[in-house]
$ cat coords17.pdb   # PDB, C-alpha atoms
MODEL        1
ATOM      1  CA  MET B 244      20.909   5.165 -31.523
ATOM      2  CA  SER B 245      19.642   5.443 -27.959
ATOM      3  CA  SER B 246      16.892   7.945 -27.173
ATOM      4  CA  PHE B 247      18.652   8.808 -23.908
ATOM      5  CA  SER B 248      21.971  10.627 -23.729
ATOM      6  CA  GLU B 249      22.810  10.959 -20.016
ATOM      7  CA  PRO B 250      24.182   7.742 -18.469
ATOM      8  CA  GLY B 251      23.438   7.199 -14.804
ATOM      9  CA  ARG B 252      20.209   9.173 -14.712
ATOM     10  CA  HIS B 253      16.796   7.612 -14.203
ATOM     11  CA  ARG B 254      15.245   7.461 -17.667
ATOM     12  CA  VAL B 255      11.620   8.595 -18.056
ATOM     13  CA  ALA B 256       9.774   8.168 -21.351
ATOM     14  CA  VAL B 257       6.481   9.943 -22.056
ATOM     15  CA  LEU B 258       4.341   8.385 -24.778
ATOM     16  CA  ALA B 259       2.735  11.041 -26.983
ATOM     17  CA  ARG B 260      -0.294  10.093 -29.065
ATOM     18  CA  HIS B 261      -2.342  12.116 -31.526
ATOM     19  CA  GLY B 262      -4.827  14.308 -29.702
ATOM     20  CA  LEU B 263      -2.640  14.551 -26.607
ATOM     21  CA  LEU B 264      -3.115  17.176 -23.911
ATOM     22  CA  PRO B 265       0.135  19.218 -23.982
ATOM     23  CA  ILE B 266      -0.133  20.170 -20.316
ATOM     24  CA  GLU B 267       0.167  16.531 -19.248
ATOM     25  CA  VAL B 268       3.416  16.103 -21.169
ATOM     26  CA  GLY B 269       4.649  19.410 -19.774
ATOM     27  CA  ILE B 270       3.916  18.351 -16.200
ATOM     28  CA  VAL B 271       6.199  15.329 -16.486
ATOM     29  CA  HIS B 272       9.053  17.262 -18.093
ATOM     30  CA  ARG B 273       8.795  20.147 -15.642
ATOM     31  CA  LEU B 274       8.618  18.156 -12.411
ATOM     32  CA  PHE B 275      10.999  15.290 -13.139
ATOM     33  CA  GLY B 276      13.289  17.702 -14.946
ATOM     34  CA  ARG B 277      13.513  19.904 -11.848
ATOM     35  CA  ALA B 278      14.602  17.129  -9.478
ATOM     36  CA  ARG B 279      18.200  17.583  -8.294
ATOM     37  CA  ASP B 280      20.540  15.545  -6.124
ATOM     38  CA  ALA B 281      22.743  16.820  -3.281
ATOM     39  CA  ASP B 282      25.282  18.093  -5.843
ATOM     40  CA  ASP B 283      22.553  20.014  -7.717
ATOM     41  CA  GLN B 284      22.744  17.600 -10.636
ATOM     42  CA  PRO B 285      19.617  16.433 -12.517
ATOM     43  CA  ILE B 286      18.356  13.069 -11.279
ATOM     44  CA  TYR B 287      16.118  12.193 -14.225
ATOM     45  CA  GLU B 288      16.351  12.392 -17.985
ATOM     46  CA  VAL B 289      12.956  12.774 -19.649
ATOM     47  CA  VAL B 290      12.240  12.168 -23.330
ATOM     48  CA  THR B 291       8.995  12.269 -25.299
ATOM     49  CA  CYS B 292       8.367   9.514 -27.812
ATOM     50  CA  ALA B 293       5.637   8.600 -30.295
ATOM     51  CA  LEU B 294       4.642   5.599 -32.370
ATOM     52  CA  GLU B 295       6.442   7.368 -35.211
ATOM     53  CA  PRO B 296       8.792  10.342 -34.786
ATOM     54  CA  GLY B 297       7.428  13.548 -36.239
ATOM     55  CA  GLU B 298       4.472  15.861 -35.858
ATOM     56  CA  ILE B 299       1.848  14.958 -33.258
ATOM     57  CA  ARG B 300      -1.568  16.608 -33.139
ATOM     58  CA  THR B 301      -2.721  18.012 -29.806
ATOM     59  CA  ASP B 302      -6.135  19.034 -28.519
ATOM     60  CA  THR B 303      -5.117  22.666 -29.067
ATOM     61  CA  ASP B 304      -4.313  24.789 -32.143
ATOM     62  CA  PHE B 305      -0.646  23.744 -32.225
ATOM     63  CA  THR B 306       1.232  20.518 -32.855
ATOM     64  CA  MET B 307       4.280  18.942 -31.209
ATOM     65  CA  ASN B 308       7.347  17.698 -33.046
ATOM     66  CA  VAL B 309       8.465  14.485 -31.336
ATOM     67  CA  ALA B 310      11.987  13.314 -32.092
ATOM     68  CA  HIS B 311      11.920   9.803 -30.617
ATOM     69  CA  GLY B 312      10.114   6.626 -31.610
ATOM     70  CA  PRO B 313       8.774   3.738 -29.504
ATOM     71  CA  GLU B 314      12.261   2.364 -28.888
ATOM     72  CA  ALA B 315      12.468   4.855 -25.997
ATOM     73  CA  LEU B 316       9.842   2.836 -24.142
ATOM     74  CA  GLY B 317      12.157  -0.154 -24.063
ATOM     75  CA  GLU B 318      15.051   1.901 -22.713
ATOM     76  CA  ALA B 319      13.152   3.705 -19.952
ATOM     77  CA  GLU B 320      12.978   2.909 -16.249
ATOM     78  CA  THR B 321       9.697   4.804 -15.964
ATOM     79  CA  VAL B 322       7.075   5.027 -18.736
ATOM     80  CA  ILE B 323       4.235   7.545 -18.476
ATOM     81  CA  VAL B 324       1.157   7.457 -20.720
ATOM     82  CA  PRO B 325      -0.842  10.731 -20.754
ATOM     83  CA  ALA B 326      -4.366  11.093 -22.111
ATOM     84  CA  ALA B 327      -5.366  11.601 -25.737
ATOM     85  CA  GLU B 328      -8.632  12.633 -27.359
ATOM     86  CA  GLU B 329      -9.266   9.138 -28.702
ATOM     87  CA  ASP B 330      -9.573   7.804 -25.155
ATOM     88  CA  TYR B 331     -12.856   9.663 -24.809
ATOM     89  CA  GLU B 332     -14.427   7.934 -27.805
ATOM     90  CA  GLU B 333     -16.753   5.214 -26.556
ATOM     91  CA  ARG B 334     -15.714   2.062 -28.413
ATOM     92  CA  PRO B 335     -16.920  -0.782 -26.199
ATOM     93  CA  HIS B 336     -14.351  -3.540 -25.816
ATOM     94  CA  ALA B 337     -12.245  -2.183 -28.680
ATOM     95  CA  PRO B 338      -8.846  -3.926 -28.829
ATOM     96  CA  LEU B 339      -5.648  -1.966 -28.529
ATOM     97  CA  ASP B 340      -4.416  -0.599 -31.843
ATOM     98  CA  PRO B 341      -1.775  -3.082 -33.108
ATOM     99  CA  GLU B 342       0.875  -0.391 -33.510
ATOM    100  CA  LEU B 343       0.215   0.929 -30.004
ATOM    101  CA  ALA B 344       0.160  -2.614 -28.613
ATOM    102  CA  ALA B 345       3.551  -3.294 -30.194
ATOM    103  CA  ALA B 346       4.929  -0.109 -28.663
ATOM    104  CA  ILE B 347       3.665  -0.971 -25.168
ATOM    105  CA  ALA B 348       5.095  -4.468 -25.560
ATOM    106  CA  ARG B 349       8.552  -2.861 -25.660
ATOM    107  CA  VAL B 350       8.229  -1.886 -21.996
ATOM    108  CA  ARG B 351      10.460  -4.108 -19.890
ATOM    109  CA  PRO B 352       8.888  -6.231 -17.127
ATOM    110  CA  ARG B 353      10.511  -4.276 -14.294
ATOM    111  CA  THR B 354       9.885  -0.814 -15.739
ATOM    112  CA  ARG B 355       7.584   1.416 -13.679
ATOM    113  CA  VAL B 356       4.494   2.342 -15.690
ATOM    114  CA  ALA B 357       2.090   5.204 -14.973
ATOM    115  CA  SER B 358      -0.915   6.800 -16.645
ATOM    116  CA  ILE B 359      -2.387  10.271 -16.388
ATOM    117  CA  CYS B 360      -6.139  10.726 -16.765
ATOM    118  CA  THR B 361      -7.553   8.493 -19.515
ATOM    119  CA  GLY B 362      -4.124   7.143 -20.348
ATOM    120  CA  ALA B 363      -5.335   4.382 -18.004
ATOM    121  CA  PHE B 364      -7.392   3.010 -20.921
ATOM    122  CA  VAL B 365      -4.171   2.205 -22.784
ATOM    123  CA  LEU B 366      -2.636   0.402 -19.812
ATOM    124  CA  ALA B 367      -5.882  -1.483 -19.212
ATOM    125  CA  ALA B 368      -6.144  -2.588 -22.843
ATOM    126  CA  ALA B 369      -2.542  -3.781 -22.661
ATOM    127  CA  GLY B 370      -3.345  -5.902 -19.606
ATOM    128  CA  LEU B 371      -1.053  -3.919 -17.328
ATOM    129  CA  LEU B 372      -3.803  -2.967 -14.870
ATOM    130  CA  ASP B 373      -5.111  -6.470 -14.205
ATOM    131  CA  GLY B 374      -5.154  -7.102 -10.465
ATOM    132  CA  CYS B 375      -4.481  -3.443  -9.661
ATOM    133  CA  ARG B 376      -6.493  -0.749  -7.917
ATOM    134  CA  VAL B 377      -6.609   2.099 -10.420
ATOM    135  CA  THR B 378      -8.191   5.456 -11.124
ATOM    136  CA  THR B 379      -9.004   7.639 -14.101
ATOM    137  CA  HIS B 380     -10.940  10.854 -14.673
ATOM    138  CA  TRP B 381     -14.278  10.613 -12.892
ATOM    139  CA  LYS B 382     -16.189  11.519 -16.074
ATOM    140  CA  SER B 383     -14.769   8.430 -17.781
ATOM    141  CA  ALA B 384     -15.379   6.059 -14.867
ATOM    142  CA  GLY B 385     -18.591   4.566 -16.255
ATOM    143  CA  TYR B 386     -17.030   3.946 -19.653
ATOM    144  CA  PHE B 387     -13.950   2.405 -18.020
ATOM    145  CA  ARG B 388     -16.046   0.046 -15.912
ATOM    146  CA  ALA B 389     -18.046  -1.034 -18.953
ATOM    147  CA  MET B 390     -14.886  -1.882 -20.869
ATOM    148  CA  TYR B 391     -12.871  -3.384 -18.016
ATOM    149  CA  PRO B 392     -15.288  -4.704 -15.362
ATOM    150  CA  HIS B 393     -12.597  -6.998 -13.943
ATOM    151  CA  ILE B 394     -10.338  -4.080 -12.954
ATOM    152  CA  ASP B 395     -10.723  -2.481  -9.503
ATOM    153  CA  LEU B 396     -11.511   1.153 -10.369
ATOM    154  CA  ASP B 397     -11.650   3.862  -7.698
ATOM    155  CA  PRO B 398     -12.784   7.110  -9.355
ATOM    156  CA  ASP B 399     -12.771   9.056  -6.076
ATOM    157  CA  VAL B 400      -9.009   9.386  -5.546
ATOM    158  CA  LEU B 401      -6.245  11.513  -7.048
ATOM    159  CA  TYR B 402      -3.869   8.659  -7.802
ATOM    160  CA  THR B 403      -3.109   5.035  -6.987
ATOM    161  CA  ASP B 404       0.189   3.265  -6.440
ATOM    162  CA  ASN B 405       0.412  -0.494  -6.958
ATOM    163  CA  GLY B 406       4.181  -0.610  -6.861
ATOM    164  CA  ARG B 407       5.155  -1.064 -10.483
ATOM    165  CA  VAL B 408       1.905   0.398 -11.869
ATOM    166  CA  LEU B 409       0.501   3.811 -10.955
ATOM    167  CA  THR B 410      -2.475   5.811 -12.233
ATOM    168  CA  ALA B 411      -3.537   9.455 -11.863
ATOM    169  CA  ALA B 412      -7.099  10.731 -12.102
ATOM    170  CA  GLY B 413      -6.821  13.838 -14.245
ATOM    171  CA  VAL B 414      -4.623  16.661 -15.483
ATOM    172  CA  ALA B 415      -3.733  18.297 -12.157
ATOM    173  CA  SER B 416      -3.389  14.973 -10.381
ATOM    174  CA  GLY B 417      -0.547  14.238 -12.790
ATOM    175  CA  ILE B 418       1.353  16.773 -10.674
ATOM    176  CA  ASP B 419       0.519  14.858  -7.505
ATOM    177  CA  LEU B 420       1.510  11.540  -9.052
ATOM    178  CA  SER B 421       4.802  12.896 -10.411
ATOM    179  CA  LEU B 422       5.740  14.353  -7.024
ATOM    180  CA  HIS B 423       4.738  11.078  -5.387
ATOM    181  CA  MET B 424       7.074   9.121  -7.654
ATOM    182  CA  ILE B 425       9.909  11.583  -7.034
ATOM    183  CA  ARG B 426       9.231  11.355  -3.290
ATOM    184  CA  THR B 427       9.233   7.563  -3.457
ATOM    185  CA  ASP B 428      12.521   7.547  -5.387
ATOM    186  CA  HIS B 429      14.451  10.208  -3.496
ATOM    187  CA  GLY B 430      12.559  11.328  -0.398
ATOM    188  CA  ALA B 431      10.423  14.237   0.709
ATOM    189  CA  ALA B 432      13.173  16.862   0.637
ATOM    190  CA  VAL B 433      13.841  16.423  -3.090
ATOM    191  CA  ALA B 434      10.125  16.329  -3.918
ATOM    192  CA  ASN B 435       9.419  19.382  -1.758
ATOM    193  CA  GLU B 436      12.160  21.335  -3.485
ATOM    194  CA  VAL B 437      10.681  20.442  -6.873
ATOM    195  CA  ALA B 438       7.275  21.589  -5.621
ATOM    196  CA  ARG B 439       8.688  24.870  -4.320
ATOM    197  CA  ASN B 440      10.460  25.594  -7.596
ATOM    198  CA  THR B 441       7.292  24.846  -9.521
ATOM    199  CA  VAL B 442       5.052  26.707  -7.033
ATOM    200  CA  VAL B 443       2.671  23.794  -6.414
ATOM    201  CA  PRO B 444       1.595  22.088  -3.163
ATOM    202  CA  PRO B 445       4.304  19.612  -2.132
ATOM    203  CA  HIS B 446       1.850  16.870  -1.252
ATOM    204  CA  ARG B 447      -1.776  15.886  -1.747
ATOM    205  CA  ASP B 448      -2.528  12.426  -0.470
ATOM    206  CA  GLY B 449      -3.401   9.938  -3.201
ATOM    207  CA  GLY B 450      -6.568   9.016  -1.356
ATOM    208  CA  GLN B 451      -7.783  12.593  -1.423
ATOM    209  CA  ALA B 452     -11.025  13.108  -3.334
ATOM    210  CA  GLN B 453     -11.096  14.302  -6.946
ATOM    211  CA  TYR B 454     -13.450  17.095  -5.855
ATOM    212  CA  ILE B 455     -16.221  15.522  -7.877
ATOM    213  CA  ARG B 456     -19.139  16.469  -5.689
ATOM    214  CA  HIS B 457     -17.608  19.266  -3.653
ATOM    215  CA  PRO B 458     -18.954  22.692  -4.672
ATOM    216  CA  VAL B 459     -16.561  25.618  -4.422
ATOM    217  CA  PRO B 460     -17.339  27.388  -1.125
ATOM    218  CA  ALA B 461     -19.199  30.659  -1.574
ATOM    219  CA  PRO B 462     -16.971  33.730  -1.126
ATOM    220  CA  GLU B 463     -18.823  34.841   1.994
ATOM    221  CA  ARG B 464     -18.070  31.589   3.827
ATOM    222  CA  SER B 465     -15.194  31.436   6.286
ATOM    223  CA  ALA B 466     -12.210  29.423   5.041
ATOM    224  CA  THR B 467     -10.272  26.869   7.044
ATOM    225  CA  ALA B 468      -6.844  28.140   6.011
ATOM    226  CA  ARG B 469      -6.195  29.816   9.371
ATOM    227  CA  ALA B 470      -6.879  26.568  11.214
ATOM    228  CA  ARG B 471      -4.613  24.611   8.902
ATOM    229  CA  ALA B 472      -1.781  27.094   9.381
ATOM    230  CA  TRP B 473      -2.280  26.899  13.146
ATOM    231  CA  VAL B 474      -2.096  23.101  13.074
ATOM    232  CA  LEU B 475       1.214  23.168  11.212
ATOM    233  CA  ASP B 476       2.654  25.352  13.979
ATOM    234  CA  HIS B 477       1.264  23.139  16.742
ATOM    235  CA  LEU B 478       1.657  19.550  15.518
ATOM    236  CA  HIS B 479       3.752  18.699  18.567
ATOM    237  CA  LEU B 480       0.800  19.610  20.805
ATOM    238  CA  GLN B 481      -1.466  17.081  19.077
ATOM    239  CA  PRO B 482      -4.208  19.619  18.248
ATOM    240  CA  SER B 483      -7.764  18.345  18.521
ATOM    241  CA  LEU B 484     -10.637  18.828  16.116
ATOM    242  CA  ARG B 485     -12.322  21.145  18.596
ATOM    243  CA  GLU B 486      -9.204  23.328  18.811
ATOM    244  CA  MET B 487      -9.063  23.505  15.026
ATOM    245  CA  ALA B 488     -12.701  24.575  14.865
ATOM    246  CA  GLU B 489     -12.080  27.240  17.509
ATOM    247  CA  GLN B 490      -9.440  28.862  15.278
ATOM    248  CA  GLU B 491     -12.247  29.655  12.813
ATOM    249  CA  SER B 492     -14.892  30.331  15.497
ATOM    250  CA  MET B 493     -17.020  27.469  14.171
ATOM    251  CA  SER B 494     -18.760  24.509  15.670
ATOM    252  CA  VAL B 495     -17.015  21.177  15.171
ATOM    253  CA  ARG B 496     -19.790  20.042  12.829
ATOM    254  CA  THR B 497     -19.643  23.161  10.644
ATOM    255  CA  PHE B 498     -15.863  23.178  10.595
ATOM    256  CA  THR B 499     -15.699  19.504   9.566
ATOM    257  CA  ARG B 500     -18.157  20.065   6.713
ATOM    258  CA  ARG B 501     -16.351  23.127   5.388
ATOM    259  CA  PHE B 502     -12.961  21.482   5.779
ATOM    260  CA  ARG B 503     -14.132  18.612   3.564
ATOM    261  CA  GLU B 504     -15.510  21.099   1.020
ATOM    262  CA  GLU B 505     -12.209  22.957   0.770
ATOM    263  CA  VAL B 506      -9.612  20.224   1.252
ATOM    264  CA  GLY B 507     -11.445  17.144   0.008
ATOM    265  CA  GLN B 508     -10.742  14.954   3.059
ATOM    266  CA  SER B 509     -11.499  14.869   6.762
ATOM    267  CA  PRO B 510      -9.564  17.049   9.220
ATOM    268  CA  GLY B 511      -8.283  13.944  10.994
ATOM    269  CA  LYS B 512      -6.858  12.389   7.856
ATOM    270  CA  TRP B 513      -5.297  15.687   6.818
ATOM    271  CA  VAL B 514      -3.631  16.166  10.210
ATOM    272  CA  THR B 515      -2.223  12.636  10.107
ATOM    273  CA  GLN B 516      -0.724  13.331   6.674
ATOM    274  CA  GLN B 517       0.889  16.559   7.941
ATOM    275  CA  ARG B 518       2.382  14.631  10.871
ATOM    276  CA  LEU B 519       3.800  12.033   8.523
ATOM    277  CA  ASP B 520       5.268  14.749   6.310
ATOM    278  CA  ARG B 521       6.879  16.406   9.327
ATOM    279  CA  ALA B 522       8.284  13.093  10.549
ATOM    280  CA  ARG B 523       9.723  12.277   7.129
ATOM    281  CA  GLN B 524      11.335  15.689   6.903
ATOM    282  CA  LEU B 525      12.936  15.304  10.335
ATOM    283  CA  LEU B 526      14.132  11.777   9.551
ATOM    284  CA  GLU B 527      15.810  13.051   6.399
ATOM    285  CA  GLU B 528      17.230  16.333   7.653
ATOM    286  CA  SER B 529      17.967  15.938  11.382
ATOM    287  CA  ASP B 530      19.842  13.710  13.811
ATOM    288  CA  LEU B 531      16.937  13.621  16.263
ATOM    289  CA  SER B 532      16.028  10.276  17.777
ATOM    290  CA  VAL B 533      12.906   8.474  16.602
ATOM    291  CA  ASP B 534      11.299   9.189  19.995
ATOM    292  CA  ARG B 535      11.978  12.914  19.650
ATOM    293  CA  ILE B 536      10.737  12.978  16.057
ATOM    294  CA  ALA B 537       7.543  11.197  17.094
ATOM    295  CA  ALA B 538       6.966  13.882  19.725
ATOM    296  CA  GLU B 539       7.799  16.782  17.383
ATOM    297  CA  ALA B 540       5.460  15.438  14.700
ATOM    298  CA  GLY B 541       2.594  14.929  17.127
ATOM    299  CA  PHE B 542       2.512  11.133  17.207
ATOM    300  CA  GLY B 543       3.347  11.068  20.895
ATOM    301  CA  THR B 544       5.320   7.831  20.954
ATOM    302  CA  ALA B 545       7.798   6.099  18.687
ATOM    303  CA  ALA B 546       5.460   3.105  18.569
ATOM    304  CA  SER B 547       2.671   5.263  17.135
ATOM    305  CA  LEU B 548       5.022   6.736  14.532
ATOM    306  CA  ARG B 549       6.236   3.272  13.539
ATOM    307  CA  GLN B 550       2.674   2.047  13.150
ATOM    308  CA  HIS B 551       1.622   4.970  10.944
ATOM    309  CA  MET B 552       4.736   4.754   8.774
ATOM    310  CA  HIS B 553       4.274   1.023   8.349
ATOM    311  CA  VAL B 554       0.655   1.482   7.246
ATOM    312  CA  GLU B 555       1.280   4.452   4.941
ATOM    313  CA  LEU B 556       4.791   3.740   3.635
ATOM    314  CA  GLY B 557       5.492   0.109   4.440
ATOM    315  CA  VAL B 558       8.779   0.931   6.208
ATOM    316  CA  SER B 559       9.991   1.710   9.715
ATOM    317  CA  PRO B 560      11.346   5.166  10.641
ATOM    318  CA  SER B 561      14.908   3.831  10.865
ATOM    319  CA  ALA B 562      14.656   2.109   7.475
ATOM    320  CA  TYR B 563      13.261   5.283   5.931
ATOM    321  CA  ARG B 564      16.135   7.316   7.373
ATOM    322  CA  ARG B 565      18.750   4.872   6.035
ATOM    323  CA  THR B 566      17.166   4.958   2.591
ATOM    324  CA  PHE B 567      16.831   8.710   2.148
ATOM    325  CA  ARG B 568      19.154  10.492   4.559
ATOM    326  CA  GLY B 569      22.322  10.240   2.498
ATOM    327  CA  THR B 570      20.592  11.070  -0.787
ATOM    328  CA  VAL B 571      18.780  14.218   0.230
ATOM    329  CA  ALA B 572      20.614  15.656   3.241
ATOM    330  CA  ALA B 573      21.931  18.609   1.233
ATOM    331  CA  ALA B 574      18.906  19.058  -1.022
TER     332      ALA B 574
ENDMDL
END

$ encode --input "coords17.pdb" --output "structure tokens"
Amino acid sequence: MSSFSEPGRHRVAVLARHGLLPIEVGIVHRLFGRARDADDQPIYEVVTCALEPGEIRTDTDFTMNVAHGPEALGEAETVIVPAAEEDYEERPHAPLDPELAAAIARVRPRTRVASICTGAFVLAAAGLLDGCRVTTHWKSAGYFRAMYPHIDLDPDVLYTDNGRVLTAAGVASGIDLSLHMIRTDHGAAVANEVARNTVVPPHRDGGQAQYIRHPVPAPERSATARARAWVLDHLHLQPSLREMAEQESMSVRTFTRRFREEVGQSPGKWVTQQRLDRARQLLEESDLSVDRIAAEAGFGTAASLRQHMHVELGVSPSAYRRTFRGTVAAA
């Protein structure tokens, strides 16, 4: 009997292992489960599976009863592997457990595969991360490098996307990665609606820092929230760094430092991401020309918008509009 019951929906399987972190499973179910099409119908069907159906231990004082076995991995179009307590046990060069290896082997060659936090260790042991740029929780970076020195690990980002294979750094970045996959599948409007319903930020760039070395700003320090809100209202005017600093009555140097402390990336990179988000929204939801959208989003010219979209998304504005306009116009 199939683990999935809704034909036509994108099938997502979450692999639960003993010692799992329940929040990471919940993130996937909540976000993918909230995605709706223009007719307000669910886009994804999410199931949780285990090596054997039944009770699964968690890292809390309760267990989870998982109904599906590893066959769900072979039926899914997206497989997500969250962390488990055993990932944190330092077992240098330990091979993948045979039962787990057999389960991962069920994943079809074209299935999208993602990990959250130290779930990356499972994908690495299975050989799925070879040749990829990946991430995992920064505390496990040294252990990961010792076990898999041939894999390109970047512990300073929230998530990575290699096309078929994606990785997220830690618990909260599982939210960012899930929204990124939804955005990739169905556009910014659908992902933003999921974020609004779940009351989380609609987008944090995958290259944004994990906040490893950034101390929380002291309460008496001025925040940069006012400047960020001002930028969002003035993207079309191409606000400068100096103008942003003036909103907080700071010097450019002080503002830049505090912006990095609070946001985890430079003001320039953040502004570029907001412009891209605005352009994507207008491409999906309006009939404005590419030239007008470029101006409204603060890129100035259509050529500049095309260049940024090609670098960040690998598509032109017109191709993006053709892909997502019909799917999300009413979302």

$ closest_residue --input "coords17.pdb" --among "B:Ser416, B:Thr321, B:Ile394, B:Ser421" --to "B:Val271" --atoms "only C-alpha atoms"
B:Ser421

$ residues_around --input "coords17.pdb" --residues "B:Phe502" --least-positions-apart "2" --cutoff "10 Å" --atoms "all atoms listed in the file" --output "compact mmCIF listing (two decimals) with C-alpha atoms, in the coordinates of the input"
# COMPACT_ATOMS: atom_id res chain seq x y z
CA ALA B 466 -12.21 29.42 5.04
CA THR B 467 -10.27 26.87 7.04
CA ALA B 468 -6.84 28.14 6.01
CA ALA B 470 -6.88 26.57 11.21
CA ARG B 471 -4.61 24.61 8.90
CA ALA B 488 -12.70 24.58 14.86
CA ARG B 496 -19.79 20.04 12.83
CA THR B 497 -19.64 23.16 10.64
CA PHE B 498 -15.86 23.18 10.60
CA THR B 499 -15.70 19.50 9.57
CA ARG B 500 -18.16 20.07 6.71
CA GLU B 504 -15.51 21.10 1.02
CA GLU B 505 -12.21 22.96 0.77
CA VAL B 506 -9.61 20.22 1.25
CA GLY B 507 -11.44 17.14 0.01
CA GLN B 508 -10.74 14.95 3.06
CA SER B 509 -11.50 14.87 6.76
CA PRO B 510 -9.56 17.05 9.22
CA TRP B 513 -5.30 15.69 6.82

$ resolve_selection --input "coords17.pdb" --expression "the PyMOL selection byres ((chain B and resi 515-523) around 10)" --output "ChimeraX atom specification"
/B:430-432,445-448,471,474-475,478-479,481,510-514,524-529,533,535-542,548,551-552,555-556,560,563-564,567-568

$ residues_around --input "coords17.pdb" --residues "B:His261" --least-positions-apart "4" --cutoff "9 Å" --atoms "only C-alpha atoms" --output "MDAnalysis selection string"
chainID B and resid 293 298:302 327:329

$ resolve_selection --input "coords17.pdb" --expression "the PyMOL selection byres ((chain B and resi 369) around 10)" --output "VMD selection string"
chain B and resid 338 to 340 343 to 345 347 to 348 363 to 368 370 to 373

$ closest_residue --input "coords17.pdb" --among "B:Glu489, B:Glu249, B:Asp330, B:Glu342" --to "B:Tyr386" --atoms "only C-alpha atoms"
B:Asp330

$ atom_distance --input "coords17.pdb" --atom1 "atom CA of B:Phe247" --atom2 "atom CA of B:Ser358"
21.0 Å

$ resolve_selection --input "coords17.pdb" --expression "the PyMOL selection byres ((chain B and resi 384) around 10)" --output "PyMOL selection string"
chain B and resi 361+378-383+385-390+396-399+412

$ residues_near_point --input "coords17.pdb" --point "(0.4, 14.5, -14.3)" --cutoff "8 Å" --atoms "only C-alpha atoms" --output "NGL selection string"
:B and (267-268 or 270-271 or 325 or 359-360 or 411 or 413-421)

$ atom_distance --input "coords17.pdb" --atom1 "atom CA of B:Ala434" --atom2 "atom CA of B:Tyr287"
12.6 Å

$ atom_distance --input "coords17.pdb" --atom1 "atom CA of B:Leu316" --atom2 "atom CA of B:Val356"
10.0 Å

$ axis_aligned_box --input "coords17.pdb" --around "stretch 309-323 of chain B" --padding-each-side "4 Å" --output "AutoDock Vina command-line options"
--center_x 9.6 --center_y 7.2 --center_z -24.0 --size_x 18.8 --size_y 22.6 --size_z 24.1

$ closest_residue --input "coords17.pdb" --among "B:Arg351, B:Arg565, B:Arg273, B:Arg485" --to "B:Glu320" --atoms "all atoms listed in the file"
B:Arg351

$ closest_residue --input "coords17.pdb" --among "B:Glu332, B:Asp280, B:Asp534, B:Glu318" --to "B:Cys292" --atoms "only C-alpha atoms"
B:Glu318

$ closest_residue --input "coords17.pdb" --among "B:Ala281, B:Ala472, B:Ile425, B:Ala259" --to "B:Met487" --atoms "all atoms listed in the file"
B:Ala472

$ residues_near_point --input "coords17.pdb" --point "(-5.8, 2.9, -7.9)" --cutoff "7 Å" --atoms "only C-alpha atoms" --output "list in words"
Cys375, Arg376, Val377, Thr378, Leu396, Asp397, Tyr402, Thr403, Asp404 and Thr410 of chain B

$ build_atoms --input "coords17.pdb" --residues "stretch 405-416 of chain B" --atoms "N, CA and C atoms" --output "PDB file, in the coordinates of the input"
ATOM      1  N   ASN B 405       0.387   0.956  -7.134  1.00  0.00           N
ATOM      2  CA  ASN B 405       0.412  -0.494  -6.958  1.00  0.00           C
ATOM      3  C   ASN B 405       1.824  -1.057  -6.988  1.00  0.00           C
ATOM      4  N   GLY B 406       2.797  -0.173  -6.767  1.00  0.00           N
ATOM      5  CA  GLY B 406       4.181  -0.610  -6.861  1.00  0.00           C
ATOM      6  C   GLY B 406       4.737  -0.312  -8.241  1.00  0.00           C
ATOM      7  N   ARG B 407       4.650  -1.276  -9.133  1.00  0.00           N
ATOM      8  CA  ARG B 407       5.155  -1.064 -10.483  1.00  0.00           C
ATOM      9  C   ARG B 407       4.205  -0.211 -11.314  1.00  0.00           C
ATOM     10  N   VAL B 408       2.908  -0.275 -11.049  1.00  0.00           N
ATOM     11  CA  VAL B 408       1.905   0.398 -11.869  1.00  0.00           C
ATOM     12  C   VAL B 408       1.197   1.473 -11.056  1.00  0.00           C
ATOM     13  N   LEU B 409       1.143   2.692 -11.623  1.00  0.00           N
ATOM     14  CA  LEU B 409       0.501   3.811 -10.955  1.00  0.00           C
ATOM     15  C   LEU B 409      -0.470   4.484 -11.927  1.00  0.00           C
ATOM     16  N   THR B 410      -1.519   5.099 -11.391  1.00  0.00           N
ATOM     17  CA  THR B 410      -2.475   5.811 -12.233  1.00  0.00           C
ATOM     18  C   THR B 410      -2.859   7.122 -11.568  1.00  0.00           C
ATOM     19  N   ALA B 411      -3.090   8.160 -12.368  1.00  0.00           N
ATOM     20  CA  ALA B 411      -3.537   9.455 -11.863  1.00  0.00           C
ATOM     21  C   ALA B 411      -4.893   9.786 -12.472  1.00  0.00           C
ATOM     22  N   ALA B 412      -5.707  10.526 -11.720  1.00  0.00           N
ATOM     23  CA  ALA B 412      -7.099  10.731 -12.102  1.00  0.00           C
ATOM     24  C   ALA B 412      -7.280  11.717 -13.253  1.00  0.00           C
ATOM     25  N   GLY B 413      -6.592  12.818 -13.237  1.00  0.00           N
ATOM     26  CA  GLY B 413      -6.821  13.838 -14.245  1.00  0.00           C
ATOM     27  C   GLY B 413      -5.604  14.713 -14.420  1.00  0.00           C
ATOM     28  N   VAL B 414      -5.757  15.813 -15.124  1.00  0.00           N
ATOM     29  CA  VAL B 414      -4.623  16.661 -15.483  1.00  0.00           C
ATOM     30  C   VAL B 414      -3.820  17.077 -14.256  1.00  0.00           C
ATOM     31  N   ALA B 415      -4.463  17.781 -13.311  1.00  0.00           N
ATOM     32  CA  ALA B 415      -3.733  18.297 -12.157  1.00  0.00           C
ATOM     33  C   ALA B 415      -3.194  17.194 -11.271  1.00  0.00           C
ATOM     34  N   SER B 416      -3.885  16.062 -11.210  1.00  0.00           N
ATOM     35  CA  SER B 416      -3.389  14.973 -10.381  1.00  0.00           C
ATOM     36  C   SER B 416      -2.143  14.334 -10.968  1.00  0.00           C
TER      37      SER B 416
END
